[in-house]
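Encoded as structure tokens, the structure appears first; notes follow it.
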Amino acid sequence: MLPIESIFPALSSSLSHYQQIILQAPTGAGKSTALPLFLLNLRSHIQGKIILLEPRRLAAKNIAHYLAEQLNEKVGDTVGYRMRGETVVSQHTRLEIVTEGVLTRMLQSDPELTGVAMVIFDEFHERNLQADLGLALCLDVQAGLREDLHILVMSATLDNQPLTELMPDAKVLSCEGRMYPVELHYRSPKNQYIEQDLALLIKQIVANESGNILVFLAGKKEIVNLAKLLQQQEWQDVNICPLYGAMPLNEQRLAIAEPPAGKRKIVLATNIAETSLTIAGISVVVDSMRERRLKLDHKTGIGTLTTRLISQAAATQRMGRAGRIQAGSCYRLINKEIYASLEQHSLPDIMVADLSALVLELAGWGVQQADALSWLTLPPERNWQQAVNLLNQLGALTPSGQLTAHGQAILGFSGSPREAHMLLAAKELEQKFNLVGFTALAAKLAVLLNQQQREFDLSRAVEARLNKVEQQQYLQTLKKLALAPPATLPVALTGLALVLAYPDRIARKRAGNSDHWLLSSGLGVKLYSEQSLFNQEWLVIPQLGGVGKQQELLAFTAAPLELSTLKQYQPHLFHTHHDVSWDASINKVKGTEQTRVGAIVLSSQPLKKINPELRTQALLQGILALPELPLTEAALAYIGLVEYARSLMPELALPELSQDSLRQSIDVWLAPYISDLTSLEQVKKLDMLNLIKQRLTWPQQQALADYFPRSYTTPAGSTVKVQYEGNKPPVIAVKMQHMFGLSETPKIANGRAAITILLLSPAGRPLQTTQDLVGFWQGSYKDVQKEMKGRYPKHFWPDDPSAAQATTKTKKFMNSEQ
């Protein structure tokens, strides 16, 4: 008896009272197999078709075959499946297992889901993008059109709290799993390629342990490499069984089934085997701790395929595969310290994926804003906007976010909006220029771009035979385009076809004998361990991966492109661009007229007449790149005065004139005066003091002049300069005799700050610095007087300087005037 069967009575009862059910059951409990068969027999509760959404094609197809066998039927009778390019159903089918975008296609064509009684979301904890979208749409349908529609969400490990908050009226059911103890082992990788570490480890396990082995790897490449290493062992009683989505069904089922008597098997699988499939007889798991995942790079706007460490939750799921039938063991290719630092759960796809297909689907649903639907996780605004930008570039959306006629046509195709746009644009070009077979070429490329590639060079890949499933997808696409397959394909136009979908991924080889290319989007790219296209100057690179050693993207597939072909059939991609920039080597603005394809410059010549606005902005960029703004001494002194005045008299509301604030406001105080200038030398000749003063209103300038004078008239009638330096008190330098008769220290800012007085000798040498003139007269002046009388006997040195007459003359001239 499978664990899931224990909740069948509760499930049957719940279907009579609840339209929404959340079911938690661990992997291997039977929720993907035994439960659908149970539901098929509940005709009193489910009077209509059941749709079971599976996140993976491999699982959907194998589950359909397994269930049909349990009913002693063929697939397509009671149980059938639908996936992109492959449909096996009949008028008798009551359970349809669907994947990819099939559920959304069904909803778009029939929002009421006529004849459907229940929609089941399997393995919802994987948070597949289509599952999130499908649930949001089904909840919308249930709320507005079909109150009788049953929604069943099934998960192995999902934290139910967010889901119960999304579906507060749902009945929550759970069942216990059946799990034997699993002994954990950690191994640190030692070789450059982890397949070598895994091969050595598996060799030891085969020698020392019994049972079947399940090995988790990141992708097909690693599976193929490891299979080659293991086949060198020439084991007589061990079958090596790869397992990934692009394999023929009979080989997939061979990997899933029990091995023949007297044999054991080693299954080499991707993360498909974490939860979606039950692989018979596994007692040992070997986990590379890696997965390959498509992630949107916000800086580039490109979805890149990256290999990364899995989360702890995924590692737990993988480990559980070893404890289904008996006590088992699990070997993790990671040390404990790094494992402890892994993220607890992987982010759901909706947080990291390209959302262009989702946004297009919602536009077809009549939704222009994500928050119009109920989501378990709201799509991030940045991802959403990048998707909208792409769809606008493809001509799929109106400015208000509604579908255009072209967008509606794109929505009619499953798959990515880029590829659907390629098919429609290819058909238009074929008709316009009589390019026989060009649309069929694009259709074949659309199939290849969604499969594990056999060739790096797509112009060679389109000449190869497709497998049965791929051929079916190809023919269905042609049928949708109302075309018959041509006898031959115009292979030389492969690059042109790809440009229709990826105009931002046209690439030109960089100057020099380099293996680096520049994309029309402005990004750098390097060919990934592939030299077949090394000598090509122009490429189209539709599939990009993780960042290489020099911070460049890696090209995983490409095709050659002729520039003349691009000019002939896509002339709108060529544009004239006026590049006006700052040349730091000569401190001057320079302008060039460039012919470009995106960011790729084809030709360049000096620009005879530069647009004043562009010239101004380039000059400002050059000025802002300087460590200090090119201000005169007078301007800097005035800035210092304003900063000092701001601290003493805030009521004047003077503007901040720091370097940072002047940089931020440079468009206001400097830009209007440099529209005719081109060099830094010309800027330096401007009246910077006057430009800075204009940052103040006229009343502020007058108040500053009144409260913070630039000169001081001494009691002797002489005028000296008041020096302001930042936030320090102002300073005057004056001969001591000029200050006689003064009984208090001069002040500024309406008496708020005393002036620092540097008292000088008759020869102009410093004698004393003070902000307390009275205190000086009464104190240390006596010592200064004694010394000065001896050094300057002809000058006046009174005993009471505060009451004496200030003078600019010697004693002789003072006496002659009496």
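If you're wondering about the labels, chains in the structure tokens are A, B, ... by order shown, residues count from 1 in each chain, ligands from 1 in order shown.
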Helix (DSSP H, G or I) positions in region 430-622 of chain A, given as an mmCIF file with N, CA and C atoms, in the first residue's frame:
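So states20.cif came out as:
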```cif
data_model
loop_
_atom_site.group_PDB
_atom_site.id
_atom_site.type_symbol
_atom_site.label_atom_id
_atom_site.label_comp_id
_atom_site.auth_asym_id
_atom_site.auth_seq_id
_atom_site.Cartn_x
_atom_site.Cartn_y
_atom_site.Cartn_z
ATOM 1 N N GLU A 430 10.046 35.589 -46.808
ATOM 2 C CA GLU A 430 9.990 34.588 -47.874
ATOM 3 C C GLU A 430 9.049 35.032 -48.977
ATOM 4 N N GLN A 431 7.899 35.575 -48.583
ATOM 5 C CA GLN A 431 6.918 36.027 -49.566
ATOM 6 C C GLN A 431 7.407 37.273 -50.302
ATOM 7 N N LYS A 432 8.082 38.160 -49.595
ATOM 8 C CA LYS A 432 8.516 39.426 -50.185
ATOM 9 C C LYS A 432 9.668 39.235 -51.165
ATOM 10 N N PHE A 433 10.619 38.360 -50.805
ATOM 11 C CA PHE A 433 11.829 38.193 -51.624
ATOM 12 C C PHE A 433 11.912 36.832 -52.317
ATOM 13 N N PHE A 438 12.682 29.460 -46.667
ATOM 14 C CA PHE A 438 13.244 30.258 -45.571
ATOM 15 C C PHE A 438 12.423 30.094 -44.292
ATOM 16 N N THR A 439 11.102 30.067 -44.394
ATOM 17 C CA THR A 439 10.263 29.885 -43.207
ATOM 18 C C THR A 439 10.473 28.504 -42.601
ATOM 19 N N ALA A 440 10.616 27.493 -43.447
ATOM 20 C CA ALA A 440 10.874 26.138 -42.946
ATOM 21 C C ALA A 440 12.218 26.089 -42.219
ATOM 22 N N LEU A 441 13.195 26.834 -42.722
ATOM 23 C CA LEU A 441 14.491 26.926 -42.040
ATOM 24 C C LEU A 441 14.315 27.500 -40.649
ATOM 25 N N ALA A 442 13.527 28.565 -40.538
ATOM 26 C CA ALA A 442 13.264 29.172 -39.226
ATOM 27 C C ALA A 442 12.525 28.200 -38.318
ATOM 28 N N ALA A 443 11.596 27.413 -38.889
ATOM 29 C CA ALA A 443 10.847 26.440 -38.093
ATOM 30 C C ALA A 443 11.772 25.363 -37.535
ATOM 31 N N LYS A 444 12.722 24.926 -38.352
ATOM 32 C CA LYS A 444 13.664 23.905 -37.881
ATOM 33 C C LYS A 444 14.570 24.482 -36.795
ATOM 34 N N LEU A 445 14.988 25.728 -36.962
ATOM 35 C CA LEU A 445 15.806 26.379 -35.935
ATOM 36 C C LEU A 445 15.035 26.506 -34.630
ATOM 37 N N ALA A 446 13.747 26.822 -34.701
ATOM 38 C CA ALA A 446 12.936 26.945 -33.491
ATOM 39 C C ALA A 446 12.910 25.635 -32.718
ATOM 40 N N VAL A 447 12.887 24.507 -33.437
ATOM 41 C CA VAL A 447 12.931 23.198 -32.784
ATOM 42 C C VAL A 447 14.290 22.964 -32.154
ATOM 43 N N LEU A 448 15.346 23.251 -32.907
ATOM 44 C CA LEU A 448 16.708 22.999 -32.426
ATOM 45 C C LEU A 448 17.048 23.847 -31.209
ATOM 46 N N LEU A 458 24.891 26.233 -35.782
ATOM 47 C CA LEU A 458 23.505 25.921 -36.134
ATOM 48 C C LEU A 458 23.307 25.791 -37.641
ATOM 49 N N SER A 459 24.199 26.379 -38.430
ATOM 50 C CA SER A 459 24.071 26.216 -39.879
ATOM 51 C C SER A 459 24.403 24.780 -40.293
ATOM 52 N N ARG A 460 25.146 24.057 -39.460
ATOM 53 C CA ARG A 460 25.390 22.636 -39.695
ATOM 54 C C ARG A 460 24.293 21.795 -39.034
ATOM 55 N N ALA A 461 23.794 22.275 -37.901
ATOM 56 C CA ALA A 461 22.765 21.518 -37.187
ATOM 57 C C ALA A 461 21.484 21.390 -38.001
ATOM 58 N N LYS A 468 12.402 11.687 -33.952
ATOM 59 C CA LYS A 468 10.958 11.557 -34.204
ATOM 60 C C LYS A 468 10.171 12.691 -33.563
ATOM 61 N N VAL A 469 10.471 12.995 -32.302
ATOM 62 C CA VAL A 469 9.729 14.044 -31.601
ATOM 63 C C VAL A 469 10.004 15.408 -32.225
ATOM 64 N N GLU A 470 11.264 15.664 -32.540
ATOM 65 C CA GLU A 470 11.625 16.944 -33.147
ATOM 66 C C GLU A 470 10.964 17.106 -34.514
ATOM 67 N N GLN A 471 10.947 16.033 -35.292
ATOM 68 C CA GLN A 471 10.321 16.079 -36.608
ATOM 69 C C GLN A 471 8.833 16.383 -36.493
ATOM 70 N N GLN A 472 8.200 15.810 -35.481
ATOM 71 C CA GLN A 472 6.775 16.068 -35.264
ATOM 72 C C GLN A 472 6.541 17.542 -34.924
ATOM 73 N N GLN A 473 7.399 18.094 -34.069
ATOM 74 C CA GLN A 473 7.281 19.510 -33.723
ATOM 75 C C GLN A 473 7.484 20.390 -34.959
ATOM 76 N N TYR A 474 8.458 20.039 -35.759
ATOM 77 C CA TYR A 474 8.773 20.786 -36.985
ATOM 78 C C TYR A 474 7.577 20.795 -37.936
ATOM 79 N N LEU A 475 6.991 19.620 -38.157
ATOM 80 C CA LEU A 475 5.858 19.522 -39.081
ATOM 81 C C LEU A 475 4.632 20.250 -38.543
ATOM 82 N N GLN A 476 4.413 20.196 -37.224
ATOM 83 C CA GLN A 476 3.279 20.909 -36.639
ATOM 84 C C GLN A 476 3.440 22.417 -36.792
ATOM 85 N N THR A 477 4.671 22.895 -36.649
ATOM 86 C CA THR A 477 4.919 24.333 -36.817
ATOM 87 C C THR A 477 4.645 24.750 -38.257
ATOM 88 N N LEU A 478 5.114 23.962 -39.217
ATOM 89 C CA LEU A 478 4.855 24.276 -40.623
ATOM 90 C C LEU A 478 3.358 24.259 -40.922
ATOM 91 N N LYS A 479 2.659 23.308 -40.322
ATOM 92 C CA LYS A 479 1.205 23.219 -40.535
ATOM 93 C C LYS A 479 0.517 24.478 -40.016
ATOM 94 N N LYS A 480 0.970 24.961 -38.865
ATOM 95 C CA LYS A 480 0.387 26.174 -38.294
ATOM 96 C C LYS A 480 0.655 27.378 -39.199
ATOM 97 N N VAL A 491 20.221 26.811 -46.311
ATOM 98 C CA VAL A 491 21.091 26.759 -45.130
ATOM 99 C C VAL A 491 21.965 28.000 -45.009
ATOM 100 N N ALA A 492 22.356 28.591 -46.140
ATOM 101 C CA ALA A 492 23.222 29.775 -46.110
ATOM 102 C C ALA A 492 22.558 30.957 -45.422
ATOM 103 N N LEU A 493 21.228 30.891 -45.266
ATOM 104 C CA LEU A 493 20.499 31.996 -44.630
ATOM 105 C C LEU A 493 20.199 31.715 -43.151
ATOM 106 N N THR A 494 20.875 30.732 -42.569
ATOM 107 C CA THR A 494 20.641 30.393 -41.159
ATOM 108 C C THR A 494 20.865 31.612 -40.260
ATOM 109 N N GLY A 495 21.959 32.309 -40.477
ATOM 110 C CA GLY A 495 22.253 33.485 -39.664
ATOM 111 C C GLY A 495 21.177 34.544 -39.791
ATOM 112 N N LEU A 496 20.691 34.767 -41.014
ATOM 113 C CA LEU A 496 19.634 35.757 -41.232
ATOM 114 C C LEU A 496 18.369 35.386 -40.464
ATOM 115 N N ALA A 497 17.997 34.117 -40.503
ATOM 116 C CA ALA A 497 16.799 33.675 -39.776
ATOM 117 C C ALA A 497 16.948 33.935 -38.277
ATOM 118 N N LEU A 498 18.121 33.653 -37.729
ATOM 119 C CA LEU A 498 18.352 33.861 -36.308
ATOM 120 C C LEU A 498 18.329 35.344 -35.945
ATOM 121 N N VAL A 499 18.771 36.194 -36.875
ATOM 122 C CA VAL A 499 18.741 37.638 -36.627
ATOM 123 C C VAL A 499 17.321 38.122 -36.381
ATOM 124 N N LEU A 500 16.360 37.510 -37.015
ATOM 125 C CA LEU A 500 14.960 37.926 -36.832
ATOM 126 C C LEU A 500 14.537 37.798 -35.373
ATOM 127 N N ALA A 501 15.026 36.759 -34.699
ATOM 128 C CA ALA A 501 14.683 36.555 -33.291
ATOM 129 C C ALA A 501 15.651 37.260 -32.359
ATOM 130 N N PRO A 503 18.130 40.129 -32.896
ATOM 131 C CA PRO A 503 18.888 41.238 -33.490
ATOM 132 C C PRO A 503 19.908 41.834 -32.529
ATOM 133 N N ASP A 504 19.722 41.604 -31.245
ATOM 134 C CA ASP A 504 20.654 42.126 -30.237
ATOM 135 C C ASP A 504 21.849 41.198 -30.037
ATOM 136 N N ARG A 505 21.881 40.072 -30.761
ATOM 137 C CA ARG A 505 22.977 39.113 -30.593
ATOM 138 C C ARG A 505 23.757 38.888 -31.887
ATOM 139 N N LEU A 563 27.465 40.078 -43.923
ATOM 140 C CA LEU A 563 27.026 41.458 -43.736
ATOM 141 C C LEU A 563 26.190 41.921 -44.936
ATOM 142 N N SER A 564 26.568 41.488 -46.128
ATOM 143 C CA SER A 564 25.797 41.873 -47.320
ATOM 144 C C SER A 564 24.374 41.323 -47.262
ATOM 145 N N THR A 565 24.222 40.118 -46.737
ATOM 146 C CA THR A 565 22.888 39.524 -46.585
ATOM 147 C C THR A 565 22.060 40.324 -45.588
ATOM 148 N N LEU A 566 22.696 40.722 -44.500
ATOM 149 C CA LEU A 566 22.001 41.513 -43.492
ATOM 150 C C LEU A 566 21.545 42.843 -44.085
ATOM 151 N N LYS A 567 22.409 43.497 -44.871
ATOM 152 C CA LYS A 567 22.048 44.782 -45.479
ATOM 153 C C LYS A 567 20.896 44.626 -46.466
ATOM 154 N N GLN A 568 20.888 43.516 -47.192
ATOM 155 C CA GLN A 568 19.867 43.320 -48.213
ATOM 156 C C GLN A 568 18.487 43.070 -47.619
ATOM 157 N N TYR A 569 18.437 42.258 -46.542
ATOM 158 C CA TYR A 569 17.132 41.831 -46.037
ATOM 159 C C TYR A 569 16.708 42.498 -44.723
ATOM 160 N N PRO A 571 17.732 46.008 -43.685
ATOM 161 C CA PRO A 571 18.429 47.300 -43.730
ATOM 162 C C PRO A 571 18.100 48.200 -42.541
ATOM 163 N N HIS A 572 16.940 47.979 -41.894
ATOM 164 C CA HIS A 572 16.566 48.840 -40.774
ATOM 165 C C HIS A 572 17.490 48.651 -39.563
ATOM 166 N N LEU A 573 18.304 47.579 -39.563
ATOM 167 C CA LEU A 573 19.232 47.369 -38.448
ATOM 168 C C LEU A 573 20.470 48.255 -38.562
ATOM 169 N N PRO A 612 24.684 71.086 -30.528
ATOM 170 C CA PRO A 612 25.068 71.816 -29.308
ATOM 171 C C PRO A 612 24.717 71.084 -28.014
ATOM 172 N N GLU A 613 23.562 70.434 -28.007
ATOM 173 C CA GLU A 613 23.161 69.721 -26.792
ATOM 174 C C GLU A 613 24.091 68.549 -26.508
ATOM 175 N N LEU A 614 24.424 67.777 -27.566
ATOM 176 C CA LEU A 614 25.349 66.659 -27.372
ATOM 177 C C LEU A 614 26.735 67.162 -26.981
ATOM 178 N N ARG A 615 27.162 68.263 -27.586
ATOM 179 C CA ARG A 615 28.468 68.833 -27.251
ATOM 180 C C ARG A 615 28.507 69.257 -25.791
ATOM 181 N N THR A 616 27.432 69.899 -25.343
ATOM 182 C CA THR A 616 27.374 70.345 -23.947
ATOM 183 C C THR A 616 27.443 69.164 -22.999
ATOM 184 N N GLN A 617 26.680 68.101 -23.297
ATOM 185 C CA GLN A 617 26.679 66.946 -22.404
ATOM 186 C C GLN A 617 28.034 66.249 -22.370
ATOM 187 N N ALA A 618 28.715 66.176 -23.529
ATOM 188 C CA ALA A 618 30.046 65.567 -23.550
ATOM 189 C C ALA A 618 31.040 66.400 -22.758
ATOM 190 N N LEU A 619 30.935 67.731 -22.879
ATOM 191 C CA LEU A 619 31.835 68.611 -22.137
ATOM 192 C C LEU A 619 31.579 68.491 -20.640
ATOM 193 N N LEU A 620 30.318 68.393 -20.265
ATOM 194 C CA LEU A 620 29.993 68.215 -18.844
ATOM 195 C C LEU A 620 30.551 66.892 -18.316
ATOM 196 N N GLN A 621 30.459 65.837 -19.126
ATOM 197 C CA GLN A 621 31.016 64.538 -18.704
ATOM 198 C C GLN A 621 32.512 64.643 -18.467
ATOM 199 N N GLY A 622 33.194 65.385 -19.355
ATOM 200 C CA GLY A 622 34.626 65.569 -19.172
ATOM 201 C C GLY A 622 34.952 66.353 -17.917
#
```
Set the distance at 6 Å and use only C-alpha atoms: which residues neighbour region 210-226 of chain A once local chain neighbours fewer than 4 positions away are removed? I'd like the list as a CSV table (one decimal) with N, CA and C atoms, in the first residue's frame.
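Generated output (out28.csv):
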```csv
chain,number,residue,atom,x,y,z
A,195,GLU,N,33.4,15.2,-13.2
A,195,GLU,CA,33.1,13.9,-13.7
A,195,GLU,C,34.2,12.9,-13.4
A,264,ARG,N,22.7,-4.8,-12.1
A,264,ARG,CA,22.4,-3.6,-11.4
A,264,ARG,C,22.6,-2.4,-12.3
A,265,LYS,N,22.1,-1.3,-12.0
A,265,LYS,CA,22.2,-0.2,-12.9
A,265,LYS,C,22.8,1.1,-12.2
A,266,ILE,N,23.4,1.9,-13.0
A,266,ILE,CA,23.8,3.3,-12.6
A,266,ILE,C,23.1,4.3,-13.5
A,267,VAL,N,22.1,5.0,-12.9
A,267,VAL,CA,21.3,6.0,-13.6
A,267,VAL,C,22.0,7.3,-13.5
A,268,LEU,N,22.3,7.9,-14.6
A,268,LEU,CA,22.9,9.3,-14.7
A,268,LEU,C,21.9,10.3,-15.1
A,269,ALA,N,21.4,11.1,-14.2
A,269,ALA,CA,20.2,11.9,-14.4
A,269,ALA,C,20.5,13.4,-14.1
A,270,THR,N,19.7,14.3,-14.6
A,270,THR,CA,19.7,15.7,-14.2
A,270,THR,C,18.7,15.8,-13.0
A,282,ILE,N,16.5,2.1,-6.3
A,282,ILE,CA,17.7,2.9,-6.0
A,282,ILE,C,18.0,2.8,-4.5
A,283,SER,N,19.2,2.5,-4.2
A,283,SER,CA,19.6,2.5,-2.7
A,283,SER,C,20.9,3.3,-2.5
A,284,VAL,N,21.5,3.8,-3.5
A,284,VAL,CA,22.7,4.7,-3.4
A,284,VAL,C,22.5,5.9,-4.3
A,285,VAL,N,22.6,7.1,-3.7
A,285,VAL,CA,22.6,8.4,-4.5
A,285,VAL,C,24.0,9.0,-4.4
A,286,VAL,N,24.4,9.4,-5.6
A,286,VAL,CA,25.7,10.2,-5.7
A,286,VAL,C,25.3,11.5,-6.3
A,287,ASP,N,25.5,12.6,-5.5
A,287,ASP,CA,25.0,13.9,-5.8
A,287,ASP,C,26.2,14.8,-6.2
A,288,SER,N,26.2,15.3,-7.4
A,288,SER,CA,27.3,16.3,-7.8
A,288,SER,C,27.0,17.6,-7.2
A,290,ARG,N,25.1,19.9,-8.2
A,290,ARG,CA,25.0,21.0,-9.2
A,290,ARG,C,23.8,20.8,-10.0
A,291,GLU,N,23.4,22.0,-10.6
A,291,GLU,CA,22.2,22.0,-11.5
A,291,GLU,C,22.5,23.1,-12.6
A,292,ARG,N,21.8,23.0,-13.7
A,292,ARG,CA,21.9,24.0,-14.7
A,292,ARG,C,20.6,24.7,-14.8
```
- Message: One number please: CA of Ser12 (chain A) to CA of Leu163 (chain A), in Å, one decimal.
- Response: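 CA of Ser12 (chain A) sits 21.3 Å away from CA of Leu163 (chain A).
Checking A:Leu378, A:Val359, A:Val642, A:Ala405 one by one against Pro417 (chain A), counting only C-alpha atoms, you find the shortest gap at A:Val359.
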- Neighbours of Gln536 (chain A) within 9 Å (only C-alpha atoms; same-chain residues fewer than 4 positions away dropped), as a ChimeraX atom specification? /A:508-509,532,560-561
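Take CA of Gln570 (chain A) and CA of Leu360 (chain A): the distance between them is 24.9 Å.
The environment of Lys588 (chain A) within 9 Å, counting only C-alpha atoms and disregarding residues fewer than 3 places along the same chain, consists of Ser581, Trp582, Asp583, Ala584, Ser585, Leu619, Gly622, Thr678, Ser679, Leu680 and Glu681 of chain A.
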How would the residues just chosen look if you wrote them out with C-alpha atoms as a PDB file, in the first residue's frame?
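result.pdb, freshly written:
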```
ATOM      1  CA  SER A 581      32.274  62.258 -26.531  1.00  0.00           C
ATOM      2  CA  TRP A 582      34.981  63.699 -24.322  1.00  0.00           C
ATOM      3  CA  ASP A 583      38.564  62.917 -25.273  1.00  0.00           C
ATOM      4  CA  ALA A 584      40.504  62.978 -22.002  1.00  0.00           C
ATOM      5  CA  SER A 585      43.849  62.813 -23.818  1.00  0.00           C
ATOM      6  CA  LEU A 619      31.835  68.611 -22.137  1.00  0.00           C
ATOM      7  CA  GLY A 622      34.626  65.569 -19.172  1.00  0.00           C
ATOM      8  CA  THR A 678      34.525  72.471 -26.807  1.00  0.00           C
ATOM      9  CA  SER A 679      37.593  72.398 -24.527  1.00  0.00           C
ATOM     10  CA  LEU A 680      38.597  72.580 -20.889  1.00  0.00           C
ATOM     11  CA  GLU A 681      40.787  75.622 -21.577  1.00  0.00           C
TER      12      GLU A 681
END
```
